[in-house]
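One file, my_file.txt, carrying compact mmCIF, C-alpha atoms (C1' of nucleotides):
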```
# COMPACT_ATOMS: atom_id res chain seq x y z
CA MET A 1 -37.97 25.06 180.06
CA LYS A 2 -36.53 28.52 179.94
CA ASN A 3 -33.13 27.16 179.00
CA LYS A 4 -34.47 24.88 176.34
CA SER A 5 -36.42 27.69 174.80
CA GLU A 6 -33.44 30.01 174.72
CA ASP A 7 -31.40 27.24 173.21
CA TYR A 8 -34.01 26.81 170.54
CA GLN A 9 -34.22 30.49 169.84
CA LYS A 10 -30.47 30.70 169.41
CA MET A 11 -30.46 27.72 167.09
CA ILE A 12 -33.20 29.11 164.90
CA LYS A 13 -31.44 32.44 164.88
CA THR A 14 -28.28 30.75 163.66
CA TYR A 15 -30.21 28.84 161.07
CA LEU A 16 -32.26 31.63 159.73
CA GLU A 17 -29.92 34.58 159.92
CA HIS A 18 -26.56 33.03 159.23
CA ASN A 19 -27.74 29.85 157.61
CA SER A 20 -24.94 28.02 159.36
CA CYS A 21 -26.12 25.27 161.62
CA PRO A 22 -23.66 23.46 163.88
CA VAL A 23 -25.64 20.26 163.46
CA ALA A 24 -25.48 20.50 159.69
CA ALA A 25 -21.81 21.36 159.98
CA THR A 26 -21.11 18.20 161.93
CA MET A 27 -23.19 16.28 159.45
CA SER A 28 -21.10 17.60 156.61
CA VAL A 29 -18.02 16.16 158.29
CA ILE A 30 -19.26 12.70 159.16
CA GLY A 31 -22.24 12.32 156.86
CA GLY A 32 -20.49 11.08 153.75
CA LYS A 33 -21.59 7.77 152.37
CA TRP A 34 -18.50 5.88 153.55
CA LYS A 35 -17.09 8.13 156.23
CA SER A 36 -18.42 6.33 159.26
CA ILE A 37 -16.88 3.02 158.31
CA ILE A 38 -13.62 4.69 157.31
CA LEU A 39 -13.57 6.42 160.67
CA TYR A 40 -14.31 3.22 162.45
CA LEU A 41 -11.55 1.36 160.65
CA ILE A 42 -9.00 4.09 161.13
CA SER A 43 -9.87 4.80 164.73
CA HIS A 44 -8.89 1.25 165.51
CA ASP A 45 -5.49 1.38 163.92
CA VAL A 46 -3.41 2.78 161.13
CA LYS A 47 -4.61 1.84 157.69
CA ARG A 48 -3.15 1.93 154.22
CA PHE A 49 -5.12 2.81 151.13
CA GLY A 50 -5.27 -0.62 149.53
CA GLU A 51 -6.01 -2.18 152.87
CA MET A 52 -9.12 -0.07 153.28
CA HIS A 53 -10.06 -0.58 149.67
CA ARG A 54 -10.09 -4.30 150.25
CA MET A 55 -11.92 -4.10 153.57
CA ILE A 56 -14.73 -1.83 152.48
CA ASP A 57 -16.89 -3.86 150.18
CA GLY A 58 -18.32 -2.00 147.23
CA ILE A 59 -16.31 1.19 147.43
CA SER A 60 -14.43 2.38 144.37
CA LYS A 61 -10.92 3.78 144.54
CA LYS A 62 -12.29 7.09 143.38
CA MET A 63 -14.82 7.28 146.19
CA LEU A 64 -12.32 6.11 148.76
CA THR A 65 -9.94 8.80 147.64
CA SER A 66 -12.52 11.56 147.76
CA GLN A 67 -13.86 10.55 151.15
CA LEU A 68 -10.34 10.35 152.56
CA ARG A 69 -9.49 13.75 151.15
CA GLU A 70 -12.56 15.30 152.72
CA LEU A 71 -11.80 13.77 156.09
CA GLU A 72 -8.26 15.03 155.75
CA ALA A 73 -9.45 18.53 154.86
CA ASP A 74 -11.57 18.55 157.99
CA LYS A 75 -8.56 17.40 160.00
CA ILE A 76 -10.23 14.20 161.08
CA ILE A 77 -7.54 11.98 159.65
CA HIS A 78 -3.91 12.44 158.76
CA ARG A 79 -2.27 11.28 155.55
CA LYS A 80 1.36 10.27 155.74
CA VAL A 81 3.24 9.56 152.53
CA PHE A 82 6.38 7.42 152.58
CA PRO A 83 8.77 8.25 149.75
CA VAL A 84 9.37 4.66 148.76
CA VAL A 85 8.83 2.47 145.76
CA PRO A 86 6.24 1.13 145.53
CA PRO A 87 4.37 4.02 147.15
CA LYS A 88 3.15 3.68 150.69
CA VAL A 89 0.57 5.89 152.34
CA GLU A 90 -0.69 5.57 155.86
CA TYR A 91 -3.82 7.09 157.27
CA THR A 92 -4.16 7.79 160.96
CA ILE A 93 -6.84 9.38 163.06
CA THR A 94 -6.24 12.81 164.56
CA GLU A 95 -7.16 14.20 167.95
CA ARG A 96 -10.13 15.89 166.39
CA GLY A 97 -11.10 12.60 164.82
CA LEU A 98 -10.94 10.87 168.18
CA SER A 99 -13.25 13.49 169.62
CA LEU A 100 -15.91 12.15 167.28
CA ARG A 101 -15.92 8.75 168.95
CA PRO A 102 -18.66 9.53 171.50
CA LEU A 103 -20.82 10.79 168.68
CA ILE A 104 -20.24 7.75 166.53
CA ILE A 105 -20.96 5.48 169.48
CA ALA A 106 -24.15 7.36 170.30
CA MET A 107 -25.29 7.02 166.71
CA ARG A 108 -24.43 3.36 166.76
CA GLU A 109 -26.49 2.83 169.91
CA TRP A 110 -29.45 4.69 168.50
CA GLY A 111 -29.24 2.74 165.28
CA LEU A 112 -29.22 -0.56 167.12
CA GLU A 113 -32.11 0.49 169.32
CA ASN A 114 -34.24 1.99 166.60
CA VAL A 115 -33.50 1.76 162.94
CA LEU A 116 -32.39 -1.83 162.66
CA LYS A 117 -35.68 -2.81 164.22
CA ILE A 118 -37.89 -1.09 161.71
CA ARG A 119 -35.94 -1.23 158.47
CA HIS A 120 -34.07 -3.62 156.28
CA TYR A 121 -30.60 -2.88 155.02
CA THR A 122 -29.25 -5.02 152.25
CA MET B 1 -9.40 -2.53 175.82
CA LYS B 2 -10.88 -5.96 175.48
CA ASN B 3 -14.32 -4.47 175.31
CA LYS B 4 -13.39 -1.91 172.76
CA SER B 5 -11.76 -4.52 170.58
CA GLU B 6 -14.77 -6.80 170.71
CA ASP B 7 -16.94 -3.85 169.94
CA TYR B 8 -14.82 -3.10 166.93
CA GLN B 9 -14.83 -6.67 165.74
CA LYS B 10 -18.59 -6.82 165.97
CA MET B 11 -18.94 -3.56 164.09
CA ILE B 12 -16.65 -4.67 161.30
CA LYS B 13 -18.48 -7.96 161.17
CA THR B 14 -21.77 -6.15 160.80
CA TYR B 15 -20.35 -3.90 158.15
CA LEU B 16 -18.58 -6.48 156.10
CA GLU B 17 -20.87 -9.45 156.32
CA HIS B 18 -24.29 -7.89 156.45
CA ASN B 19 -23.43 -4.54 155.07
CA SER B 20 -25.77 -2.99 157.59
CA CYS B 21 -24.12 -0.54 159.90
CA PRO B 22 -26.04 0.97 162.82
CA VAL B 23 -24.18 4.23 162.38
CA ALA B 24 -25.05 4.44 158.71
CA ALA B 25 -28.60 3.49 159.61
CA THR B 26 -28.87 6.38 162.02
CA MET B 27 -27.30 8.62 159.44
CA SER B 28 -29.91 7.61 156.91
CA VAL B 29 -32.58 8.79 159.33
CA ILE B 30 -31.17 12.16 160.35
CA GLY B 31 -28.68 12.84 157.58
CA GLY B 32 -30.99 14.40 155.06
CA LYS B 33 -30.14 17.88 153.91
CA TRP B 34 -32.93 19.56 155.83
CA LYS B 35 -33.84 17.00 158.44
CA SER B 36 -31.97 18.46 161.35
CA ILE B 37 -33.65 21.83 161.10
CA ILE B 38 -37.03 20.21 160.52
CA LEU B 39 -36.48 18.10 163.61
CA TYR B 40 -35.40 21.11 165.56
CA LEU B 41 -38.44 23.10 164.53
CA ILE B 42 -40.87 20.28 165.16
CA SER B 43 -39.37 19.20 168.44
CA HIS B 44 -40.18 22.64 169.73
CA ASP B 45 -43.82 22.62 168.81
CA VAL B 46 -46.34 21.50 166.25
CA LYS B 47 -45.74 22.82 162.80
CA ARG B 48 -47.84 23.09 159.69
CA PHE B 49 -46.51 22.59 156.21
CA GLY B 50 -46.64 26.17 155.04
CA GLU B 51 -45.32 27.38 158.36
CA MET B 52 -42.18 25.30 157.93
CA HIS B 53 -41.91 26.23 154.29
CA ARG B 54 -41.78 29.87 155.27
CA MET B 55 -39.36 29.32 158.16
CA ILE B 56 -36.80 27.25 156.31
CA ASP B 57 -35.13 29.58 153.90
CA GLY B 58 -34.28 28.09 150.54
CA ILE B 59 -36.21 24.85 150.76
CA SER B 60 -38.61 23.95 147.98
CA LYS B 61 -42.01 22.47 148.62
CA LYS B 62 -40.87 19.35 146.88
CA MET B 63 -37.90 18.90 149.16
CA LEU B 64 -39.89 19.73 152.27
CA THR B 65 -42.45 17.13 151.30
CA SER B 66 -39.89 14.43 150.64
CA GLN B 67 -37.95 15.08 153.81
CA LEU B 68 -41.14 15.05 155.87
CA ARG B 69 -42.23 11.81 154.25
CA GLU B 70 -38.93 10.16 155.04
CA LEU B 71 -39.05 11.30 158.64
CA GLU B 72 -42.60 10.01 158.81
CA ALA B 73 -41.62 6.65 157.33
CA ASP B 74 -38.95 6.32 159.99
CA LYS B 75 -41.54 7.17 162.63
CA ILE B 76 -39.67 10.26 163.74
CA ILE B 77 -42.58 12.57 163.11
CA HIS B 78 -46.32 12.14 162.86
CA ARG B 79 -48.51 13.60 160.17
CA LYS B 80 -52.05 14.52 161.14
CA VAL B 81 -54.49 15.54 158.45
CA PHE B 82 -57.55 17.61 159.30
CA PRO B 83 -60.43 17.04 156.90
CA VAL B 84 -61.19 20.68 156.38
CA VAL B 85 -61.20 23.16 153.55
CA PRO B 86 -58.70 24.56 152.97
CA PRO B 87 -56.57 21.55 153.95
CA LYS B 88 -54.74 21.57 157.23
CA VAL B 89 -51.90 19.24 158.15
CA GLU B 90 -49.99 19.21 161.40
CA TYR B 91 -46.66 17.62 161.98
CA THR B 92 -45.64 16.53 165.46
CA ILE B 93 -42.63 14.74 166.83
CA THR B 94 -42.93 11.17 168.05
CA GLU B 95 -41.40 9.44 171.04
CA ARG B 96 -38.76 8.00 168.77
CA GLY B 97 -38.09 11.45 167.41
CA LEU B 98 -37.60 12.80 170.90
CA SER B 99 -35.06 10.08 171.57
CA LEU B 100 -32.89 11.72 168.94
CA ARG B 101 -32.52 14.89 170.96
CA PRO B 102 -29.35 13.88 172.82
CA LEU B 103 -27.78 12.96 169.50
CA ILE B 104 -28.72 16.23 167.87
CA ILE B 105 -27.44 18.15 170.86
CA ALA B 106 -24.15 16.23 170.81
CA MET B 107 -23.73 17.00 167.13
CA ARG B 108 -24.51 20.62 167.78
CA GLU B 109 -21.87 20.80 170.51
CA TRP B 110 -19.26 19.14 168.33
CA GLY B 111 -20.06 21.45 165.48
CA LEU B 112 -19.68 24.49 167.66
CA GLU B 113 -16.43 23.23 169.12
CA ASN B 114 -14.90 22.08 165.88
CA VAL B 115 -16.32 22.73 162.47
CA LEU B 116 -17.37 26.29 162.86
CA LYS B 117 -13.81 27.08 163.83
CA ILE B 118 -12.20 25.70 160.73
CA ARG B 119 -14.74 26.24 158.01
CA HIS B 120 -17.00 28.86 156.56
CA TYR B 121 -20.63 28.25 155.95
CA THR B 122 -22.46 30.69 153.78
C1' DC C 1 -53.44 25.24 151.94
C1' DT C 2 -50.96 21.09 150.98
C1' DG C 3 -49.26 18.94 148.14
C1' DA C 4 -48.50 15.93 143.29
C1' DA C 5 -46.71 15.90 138.48
C1' DT C 6 -43.61 17.23 135.14
C1' DC C 7 -39.47 18.74 133.12
C1' DC C 8 -34.86 20.17 133.58
C1' DT C 9 -30.17 20.99 135.69
C1' DT C 10 -26.67 19.73 138.83
C1' DT C 11 -24.21 16.60 141.62
C1' DA C 12 -22.78 12.09 142.99
C1' DT C 13 -21.12 7.88 141.93
C1' DG C 14 -19.42 3.93 138.77
C1' DA C 15 -16.35 1.69 135.29
C1' DT C 16 -12.36 1.58 133.01
C1' DA C 17 -7.85 2.63 131.66
C1' DC C 18 -3.54 4.71 132.70
C1' DT C 19 0.86 6.41 135.52
C1' DG C 20 5.02 7.43 138.72
C1' DC D 1 0.83 0.72 145.53
C1' DA D 2 -1.78 4.64 145.43
C1' DG D 3 -3.78 7.04 143.11
C1' DT D 4 -5.51 10.32 138.54
C1' DA D 5 -8.17 11.01 134.17
C1' DT D 6 -11.91 10.23 131.43
C1' DC D 7 -16.31 8.90 130.11
C1' DA D 8 -20.86 7.41 131.38
C1' DT D 9 -24.87 6.80 134.35
C1' DA D 10 -27.74 7.50 138.36
C1' DA D 11 -29.50 10.14 141.89
C1' DA D 12 -30.61 14.54 143.95
C1' DG D 13 -32.51 18.81 143.68
C1' DG D 14 -34.88 23.13 141.51
C1' DA D 15 -38.63 25.55 138.82
C1' DT D 16 -42.95 25.56 137.34
C1' DT D 17 -47.58 24.14 136.75
C1' DC D 18 -51.72 21.91 138.21
C1' DA D 19 -55.39 20.07 141.59
C1' DG D 20 -58.58 18.72 145.52
```

Whole structure given in structure tokens:
Amino acid sequence: MKNKSEDYQKMIKTYLEHNSCPVAATMSVIGGKWKSIILYLISHDVKRFGEMHRMIDGISKKMLTSQLRELEADKIIHRKVFPVVPPKVEYTITERGLSLRPLIIAMREWGLENVLKIRHYT
Amino acid sequence: MKNKSEDYQKMIKTYLEHNSCPVAATMSVIGGKWKSIILYLISHDVKRFGEMHRMIDGISKKMLTSQLRELEADKIIHRKVFPVVPPKVEYTITERGLSLRPLIIAMREWGLENVLKIRHYT
DNA sequence: CTGAATCCTTTATGATACTG
DNA sequence: CAGTATCATAAAGGATTCAG
């Protein structure tokens, strides 16, 4: 209990004094509307832009672009441009991106155990 | 590898056919702008509305209300109203809410290890 | 004290057309 | 093919006021 309390105190301290929460930080990396599925697709194998655009139902090119750029900025994925005509761009997952796998899996488990039981997603 | 591939196939199937992803589902529960800190505060001990409003710097009463209502709808927290004047309302964490702890902690760890190193939060 | 109601501003996302 | 640019709409969030 001592540990847990100290942990809590440190967290609140971080929150309240520096207003920078590690949890929120992580959320800002993986919390985008389409980021989890993009991560899931890319973590399996290399993907091209159009390929993902076709696979992810309902996403616009604009959104796909912005989500990819954010993931790239956070060094979760890598964007490789081939100087060919027509253009070819490949997205791959980085080491840092791979380190998110346990988290994604844990969220998936929790979702299966909890949310999908009490809610409807269309 | 077989397992992982099947896992992936199932996930993509879920995503693409039913458009209901367990990861996104979990995200919809804990991904709100202020939910992680609310959870963290409440998981420590019972909190009243005004108490949280004072502790969470920058949150409006409107936002606090809506975030609390969403957490309540997802059965993560419980809202207990005392029929007194002036009004008194206590928020407590539920069993389901407690089951989120490992997830929150994992996100916190990842954030500390990764995001806080490469970004600035103000 | 714990909100609800209203109005307003900002941000996010969509649709469409265009380009190297 | 892989985007960008532009315009339009929707959703999120803030400020303020009111009420039991």

For this session: Using all atoms listed in the file, determine which residues of chain A fall within 6 Å of chain B; present them as a VMD selection string.
Result: chain A and resid 20 22 to 23 25 to 26 107 to 108 111 to 112 121

Can you write out as JSON lines which residues of chain D fall within 10 Å of chain A, alongside each residue's closest atom pair and its distance in Å to one decimal, counting only C-alpha atoms (C1' of nucleotides) and ordering rows by chain and ascending residue number?
```
{"residue": "D:DC1", "atom": "C1'", "partner": "A:Pro87", "partner_atom": "CA", "distance": 5.1}
{"residue": "D:DA2", "atom": "C1'", "partner": "A:Pro87", "partner_atom": "CA", "distance": 6.4}
{"residue": "D:DG3", "atom": "C1'", "partner": "A:Thr65", "partner_atom": "CA", "distance": 7.8}
{"residue": "D:DT4", "atom": "C1'", "partner": "A:Lys62", "partner_atom": "CA", "distance": 8.9}
```

Spatial neighbours of C:DC8, 12 Å, all atoms listed in the file, chain gap at least 3 places, as a PDB file with C-alpha atoms (C1' of nucleotides), in the frame of the given file:
```
ATOM      1  C1'  DG D  13     -32.510  18.810 143.680  1.00  0.00           C
ATOM      2  C1'  DG D  14     -34.880  23.130 141.510  1.00  0.00           C
ATOM      3  C1'  DA D  15     -38.630  25.550 138.820  1.00  0.00           C
ATOM      4  C1'  DT D  16     -42.950  25.560 137.340  1.00  0.00           C
TER       5       DT D  16
END
```

For this session: Using all atoms listed in the file, determine which residues lie at most 7 Å from A:Lys47, disregarding the query and same-chain residues fewer than 2 positions distant; provide the list as a list in words.
Result: Ile42, Asp45, Phe49, Glu51, Met52, Glu90, Tyr91 and Thr92 of chain A

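Atom CA of B:Leu68 is found 22.6 Å from atom C1' of C:DA12.
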
Exercise. If we count only C-alpha atoms (C1' of nucleotides), which residues of chain C reach to within 9 Å of chain B? Please list them as a list in words.
Worked result: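 The contacting residues on chain C are DC1, DT2 and DG3 of chain C.
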
Exercise. For the atom pair atom CA of A:Ile76 and atom CA of A:Ile93, what is the interatomic distance in Å to one decimal place?
Worked result: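 According to the coordinates, atom CA of A:Ile76 and atom CA of A:Ile93 are separated by 6.2 Å.
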
Exercise. Just how far from atom C1' of C:DT13 is atom CA of A:Glu70, in Å to one decimal?
Worked result: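 Answer for the atom CA of A:Glu70 to atom C1' of C:DT13 separation: 15.6 Å.
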
For this session: Enumerate, as a PyMOL selection string, the protein, DNA and RNA residues whose atoms approach (-26.4, 19.1, 142.0) to within 7 Å, taking into account all atoms listed in the file and the coordinate frame of the file.
Result: (chain C and resi 10-11) or (chain D and resi 12-13)

Could stretch 79-93 of chain B be completed with N, CA and C atoms and returned as a compact mmCIF listing (two decimals), in the frame of the given file?
```
# COMPACT_ATOMS: atom_id res chain seq x y z
N ARG B 79 -47.79 12.70 161.06
CA ARG B 79 -48.51 13.60 160.17
C ARG B 79 -50.01 13.46 160.42
N LYS B 80 -50.62 14.57 160.84
CA LYS B 80 -52.05 14.52 161.14
C LYS B 80 -52.81 15.41 160.17
N VAL B 81 -53.72 14.81 159.45
CA VAL B 81 -54.49 15.54 158.45
C VAL B 81 -55.86 15.91 159.01
N PHE B 82 -56.22 17.18 158.89
CA PHE B 82 -57.55 17.61 159.30
C PHE B 82 -58.43 17.72 158.06
N PRO B 83 -59.55 17.04 158.07
CA PRO B 83 -60.43 17.04 156.90
C PRO B 83 -61.23 18.32 156.79
N VAL B 84 -60.52 19.39 156.50
CA VAL B 84 -61.19 20.68 156.38
C VAL B 84 -60.81 21.34 155.07
N VAL B 85 -61.55 22.39 154.72
CA VAL B 85 -61.20 23.16 153.55
C VAL B 85 -61.00 24.60 153.97
N PRO B 86 -59.83 25.18 153.66
CA PRO B 86 -58.70 24.56 152.97
C PRO B 86 -58.01 23.52 153.83
N PRO B 87 -57.23 22.64 153.22
CA PRO B 87 -56.57 21.55 153.95
C PRO B 87 -55.71 22.05 155.09
N LYS B 88 -55.63 21.25 156.12
CA LYS B 88 -54.74 21.57 157.23
C LYS B 88 -54.02 20.31 157.66
N VAL B 89 -52.70 20.39 157.74
CA VAL B 89 -51.90 19.24 158.15
C VAL B 89 -50.93 19.67 159.23
N GLU B 90 -50.91 18.89 160.31
CA GLU B 90 -49.99 19.21 161.40
C GLU B 90 -48.95 18.12 161.54
N TYR B 91 -47.73 18.56 161.74
CA TYR B 91 -46.66 17.62 161.98
C TYR B 91 -46.21 17.72 163.42
N THR B 92 -46.11 16.56 164.08
CA THR B 92 -45.64 16.53 165.46
C THR B 92 -44.51 15.52 165.59
N ILE B 93 -43.72 15.68 166.61
CA ILE B 93 -42.63 14.74 166.83
C ILE B 93 -43.13 13.54 167.63
```
